[in-house]
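*Asks:* One structure follows; several queries about it will come next.
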Amino acid sequence: LCFLSAFPIQNKRLCGGVVLPPLAVVGATLAPMDPQSFRSTMSDLALGTAMAAAARDYQKELLAQEQAQPSISGHNEVDLDELMDDPDLERMHAERIASLKKEAEKRQALERTGHGEYREVTEGDFLGEVTRSERVVCHFYHREFVRCKIVDKHLKSLAPKYFDTKFIKVDSENASFFVTKLAIKMLPCVIFFRDGIARDRLVGFQDLGGNDDFPTTVLENWLLKKGAILNWKTSEEDTGVTEAPRTLRSTNFADSDSE
């Protein structure tokens with residue numbers, strides 16, 4: 001070691017770039033360095049060397065990543081160009097556009113025939129309204145019956161939701177001909193027509209729980225069950241009505257079911 005000397009050492013000295021602690025001098029002979037202090041000094045030297053090496057490796061890794069980045073971006077651009085020229089993707093895109101266009105045209109056609117809203121129609125317009133649409137829900141009502149107003153509220157909220165079905169109402173007092181033909185004896189009476197034929201009917205609230213405060217979903221579920229409205233997840237073929245028209249009811253039409 002370079003710290004051997006015949007002269008007293010008063011300050012720290014450098015040996016190989018490492019600062020060493022002062023040595024004790026007895027006469028002309030130097031006392032040996034404390035082992036614990038020596039080990040600590042050498043450990044610091046090793047740690048400093050390792051950290052310097054780690055820093056160099058980290059800088060090299062960052063430089064390699066920066067050099068590789070333009071290459072990766074170039075590959076992405078090539079892949080995107082190839083994807084845009086994919087014939088299968090172009091075909092799927094064209095089919096989707098055609099499907100959306102067809103749906104928009106269908107919706108416009110249904111709007112022209114009164115779909116999407118709950119409307120009142122006269123006796124003179126009733127037959128045309130029922131026969132021009134595949135599915136029609138018609139409410140025969142009386143202006144003074146409370147339960148008829150409850151049905152109005154629920155059907156009004158369902159009409160925009162189920163666009164494939166037409167929702168209308170008819171004042172029973174001003175439609176005596178069809179009230180007689182359809183054998184309507186009690187109000188409220190909701191009749192489901194398909195292709196101009198009366199398929200099923202809801203009279204009063206017996207099938208809705210018998211209470212006036214039932215939620216809209218109760219009536220909605222009844223209509224779904226009868227096929228009067230279509231679940232958006234279900235195809236028209238799966239929900240087609242297969243049962244025969246029900247026999248017209250013969251109950252007396254003296255009062256409302258509200259009474």
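Within each chain, counting starts at residue 1; across the structure tokens, chains are named A, B, ... in the order shown, with ligands numbered 1 upward in that order.
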What lies within 10 Å of A:Ile150 using only C-alpha atoms, ignoring chain neighbours under 6 positions off, as a list in words?
*Replies:* Pro188, Asp212, Asp213, Phe214 and Thr216 of chain A
*Asks:* Near A:Leu155, within 12 Å and counting only C-alpha atoms, which residues show up once chain neighbours fewer than 3 positions away are dropped, as a ChimeraX atom specification?
*Replies:* /A:116-120,136-139,148-152,158-162,165-169,190,215-220,223,229
*Asks:* Skip A:Arg201 itself and residues of its chain fewer than 2 positions away, then list as a PyMOL selection string all residues within 7 Å of it, counting only C-alpha atoms.
*Replies:* chain A and resi 189-192+203
*Asks:* Save the residues we just selected, N, CA, C and O atoms, as a JSON list (two decimals), in the first residue's frame?
*Replies:*
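For reference, out_30.json as written:
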[["chain", "number", "residue", "atom", "x", "y", "z"],
["A", 189, "CYS", "N", -109.94, -1.42, -21.95],
["A", 189, "CYS", "CA", -109.74, -2.61, -22.77],
["A", 189, "CYS", "C", -108.61, -2.33, -23.76],
["A", 189, "CYS", "O", -108.71, -1.42, -24.58],
["A", 190, "VAL", "N", -107.55, -3.10, -23.66],
["A", 190, "VAL", "CA", -106.40, -2.98, -24.56],
["A", 190, "VAL", "C", -106.37, -4.21, -25.47],
["A", 190, "VAL", "O", -106.28, -5.34, -24.99],
["A", 191, "ILE", "N", -106.44, -3.97, -26.78],
["A", 191, "ILE", "CA", -106.48, -5.07, -27.74],
["A", 191, "ILE", "C", -105.20, -5.04, -28.58],
["A", 191, "ILE", "O", -104.80, -3.99, -29.08],
["A", 192, "PHE", "N", -104.62, -6.22, -28.73],
["A", 192, "PHE", "CA", -103.43, -6.37, -29.56],
["A", 192, "PHE", "C", -103.85, -6.92, -30.93],
["A", 192, "PHE", "O", -104.43, -8.00, -31.02],
["A", 203, "VAL", "N", -108.36, -6.81, -20.30],
["A", 203, "VAL", "CA", -109.56, -6.15, -19.79],
["A", 203, "VAL", "C", -109.38, -5.89, -18.30],
["A", 203, "VAL", "O", -109.16, -6.82, -17.52]]
*Asks:* So that I can check the secondary structure, give me every residue of stretch 105-147 of chain A assigned helix (DSSP H, G or I) by backbone DSSP, as a list in words.
*Replies:*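 So, restricting stretch 105-147 of chain A to helix (DSSP H, G or I), we get Glu105, Lys106, Arg107, Gln108, Ala109, Leu110, Glu111, Arg112, Glu123, Gly124, Asp125, Phe126, Leu127, Gly128, Glu129, Val130, Thr131, Val146 and Arg147 of chain A.
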*Asks:* Restricting it to N, CA, C and O atoms, dump the selection as a PDB file, in the first residue's frame.
*Replies:*
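Okay, again_16.pdb is ready:
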ATOM      1  N   GLU A 105     -84.244   3.716 -43.048  1.00  0.00           N
ATOM      2  CA  GLU A 105     -85.371   3.768 -43.984  1.00  0.00           C
ATOM      3  C   GLU A 105     -86.617   3.127 -43.366  1.00  0.00           C
ATOM      4  O   GLU A 105     -87.733   3.637 -43.532  1.00  0.00           O
ATOM      5  N   LYS A 106     -86.419   2.023 -42.644  1.00  0.00           N
ATOM      6  CA  LYS A 106     -87.549   1.362 -41.982  1.00  0.00           C
ATOM      7  C   LYS A 106     -88.161   2.268 -40.921  1.00  0.00           C
ATOM      8  O   LYS A 106     -89.396   2.376 -40.816  1.00  0.00           O
ATOM      9  N   ARG A 107     -87.321   2.923 -40.164  1.00  0.00           N
ATOM     10  CA  ARG A 107     -87.816   3.815 -39.104  1.00  0.00           C
ATOM     11  C   ARG A 107     -88.604   4.976 -39.703  1.00  0.00           C
ATOM     12  O   ARG A 107     -89.649   5.364 -39.176  1.00  0.00           O
ATOM     13  N   GLN A 108     -88.094   5.516 -40.799  1.00  0.00           N
ATOM     14  CA  GLN A 108     -88.805   6.608 -41.454  1.00  0.00           C
ATOM     15  C   GLN A 108     -90.162   6.159 -41.960  1.00  0.00           C
ATOM     16  O   GLN A 108     -91.154   6.889 -41.854  1.00  0.00           O
ATOM     17  N   ALA A 109     -90.207   4.945 -42.503  1.00  0.00           N
ATOM     18  CA  ALA A 109     -91.477   4.410 -42.994  1.00  0.00           C
ATOM     19  C   ALA A 109     -92.465   4.204 -41.845  1.00  0.00           C
ATOM     20  O   ALA A 109     -93.663   4.503 -41.982  1.00  0.00           O
ATOM     21  N   LEU A 110     -91.978   3.713 -40.706  1.00  0.00           N
ATOM     22  CA  LEU A 110     -92.850   3.508 -39.553  1.00  0.00           C
ATOM     23  C   LEU A 110     -93.335   4.837 -38.989  1.00  0.00           C
ATOM     24  O   LEU A 110     -94.494   4.953 -38.560  1.00  0.00           O
ATOM     25  N   GLU A 111     -92.471   5.833 -38.988  1.00  0.00           N
ATOM     26  CA  GLU A 111     -92.882   7.154 -38.506  1.00  0.00           C
ATOM     27  C   GLU A 111     -94.009   7.719 -39.363  1.00  0.00           C
ATOM     28  O   GLU A 111     -94.920   8.371 -38.844  1.00  0.00           O
ATOM     29  N   ARG A 112     -93.942   7.466 -40.656  1.00  0.00           N
ATOM     30  CA  ARG A 112     -94.993   7.977 -41.545  1.00  0.00           C
ATOM     31  C   ARG A 112     -96.334   7.310 -41.278  1.00  0.00           C
ATOM     32  O   ARG A 112     -97.388   7.881 -41.608  1.00  0.00           O
ATOM     33  N   GLU A 123    -112.959   6.852 -35.049  1.00  0.00           N
ATOM     34  CA  GLU A 123    -113.552   5.609 -35.544  1.00  0.00           C
ATOM     35  C   GLU A 123    -113.349   5.473 -37.054  1.00  0.00           C
ATOM     36  O   GLU A 123    -113.110   4.376 -37.557  1.00  0.00           O
ATOM     37  N   GLY A 124    -113.395   6.591 -37.767  1.00  0.00           N
ATOM     38  CA  GLY A 124    -113.222   6.532 -39.214  1.00  0.00           C
ATOM     39  C   GLY A 124    -111.814   6.135 -39.626  1.00  0.00           C
ATOM     40  O   GLY A 124    -111.622   5.521 -40.690  1.00  0.00           O
ATOM     41  N   ASP A 125    -110.820   6.459 -38.810  1.00  0.00           N
ATOM     42  CA  ASP A 125    -109.430   6.131 -39.132  1.00  0.00           C
ATOM     43  C   ASP A 125    -108.981   4.803 -38.532  1.00  0.00           C
ATOM     44  O   ASP A 125    -107.893   4.317 -38.866  1.00  0.00           O
ATOM     45  N   PHE A 126    -109.780   4.243 -37.653  1.00  0.00           N
ATOM     46  CA  PHE A 126    -109.353   3.078 -36.891  1.00  0.00           C
ATOM     47  C   PHE A 126    -108.960   1.898 -37.794  1.00  0.00           C
ATOM     48  O   PHE A 126    -107.880   1.308 -37.627  1.00  0.00           O
ATOM     49  N   LEU A 127    -109.799   1.546 -38.733  1.00  0.00           N
ATOM     50  CA  LEU A 127    -109.537   0.376 -39.568  1.00  0.00           C
ATOM     51  C   LEU A 127    -108.244   0.526 -40.361  1.00  0.00           C
ATOM     52  O   LEU A 127    -107.440  -0.413 -40.448  1.00  0.00           O
ATOM     53  N   GLY A 128    -108.018   1.702 -40.927  1.00  0.00           N
ATOM     54  CA  GLY A 128    -106.793   1.929 -41.673  1.00  0.00           C
ATOM     55  C   GLY A 128    -105.557   1.873 -40.780  1.00  0.00           C
ATOM     56  O   GLY A 128    -104.510   1.346 -41.184  1.00  0.00           O
ATOM     57  N   GLU A 129    -105.663   2.407 -39.575  1.00  0.00           N
ATOM     58  CA  GLU A 129    -104.532   2.390 -38.652  1.00  0.00           C
ATOM     59  C   GLU A 129    -104.164   0.957 -38.256  1.00  0.00           C
ATOM     60  O   GLU A 129    -102.982   0.608 -38.168  1.00  0.00           O
ATOM     61  N   VAL A 130    -105.157   0.137 -38.067  1.00  0.00           N
ATOM     62  CA  VAL A 130    -104.913  -1.231 -37.617  1.00  0.00           C
ATOM     63  C   VAL A 130    -104.354  -2.098 -38.747  1.00  0.00           C
ATOM     64  O   VAL A 130    -103.507  -2.971 -38.508  1.00  0.00           O
ATOM     65  N   THR A 131    -104.791  -1.874 -39.963  1.00  0.00           N
ATOM     66  CA  THR A 131    -104.384  -2.743 -41.071  1.00  0.00           C
ATOM     67  C   THR A 131    -103.078  -2.314 -41.740  1.00  0.00           C
ATOM     68  O   THR A 131    -102.468  -3.110 -42.460  1.00  0.00           O
ATOM     69  N   VAL A 146    -110.895   6.444 -14.272  1.00  0.00           N
ATOM     70  CA  VAL A 146    -109.559   6.638 -13.718  1.00  0.00           C
ATOM     71  C   VAL A 146    -108.576   5.603 -14.249  1.00  0.00           C
ATOM     72  O   VAL A 146    -107.439   5.923 -14.607  1.00  0.00           O
ATOM     73  N   ARG A 147    -109.016   4.370 -14.327  1.00  0.00           N
ATOM     74  CA  ARG A 147    -108.102   3.317 -14.779  1.00  0.00           C
ATOM     75  C   ARG A 147    -107.723   3.474 -16.254  1.00  0.00           C
ATOM     76  O   ARG A 147    -106.652   3.047 -16.664  1.00  0.00           O
TER      77      ARG A 147
END
*Asks:* Using atom CA of A:Phe205 and atom CA of A:Leu230 as the two end points, give the distance in Å to one decimal.
*Replies:*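 Atom CA of A:Leu230 lies 22.0 Å from atom CA of A:Phe205.
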*Asks:* Pick the closest to A:Ser133 from A:Asp200, A:Asp171, A:Asp57, A:Asp195: which is it, counting only C-alpha atoms?
*Replies:*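 Answer, going by the shortest atom-to-atom distance: A:Asp195.
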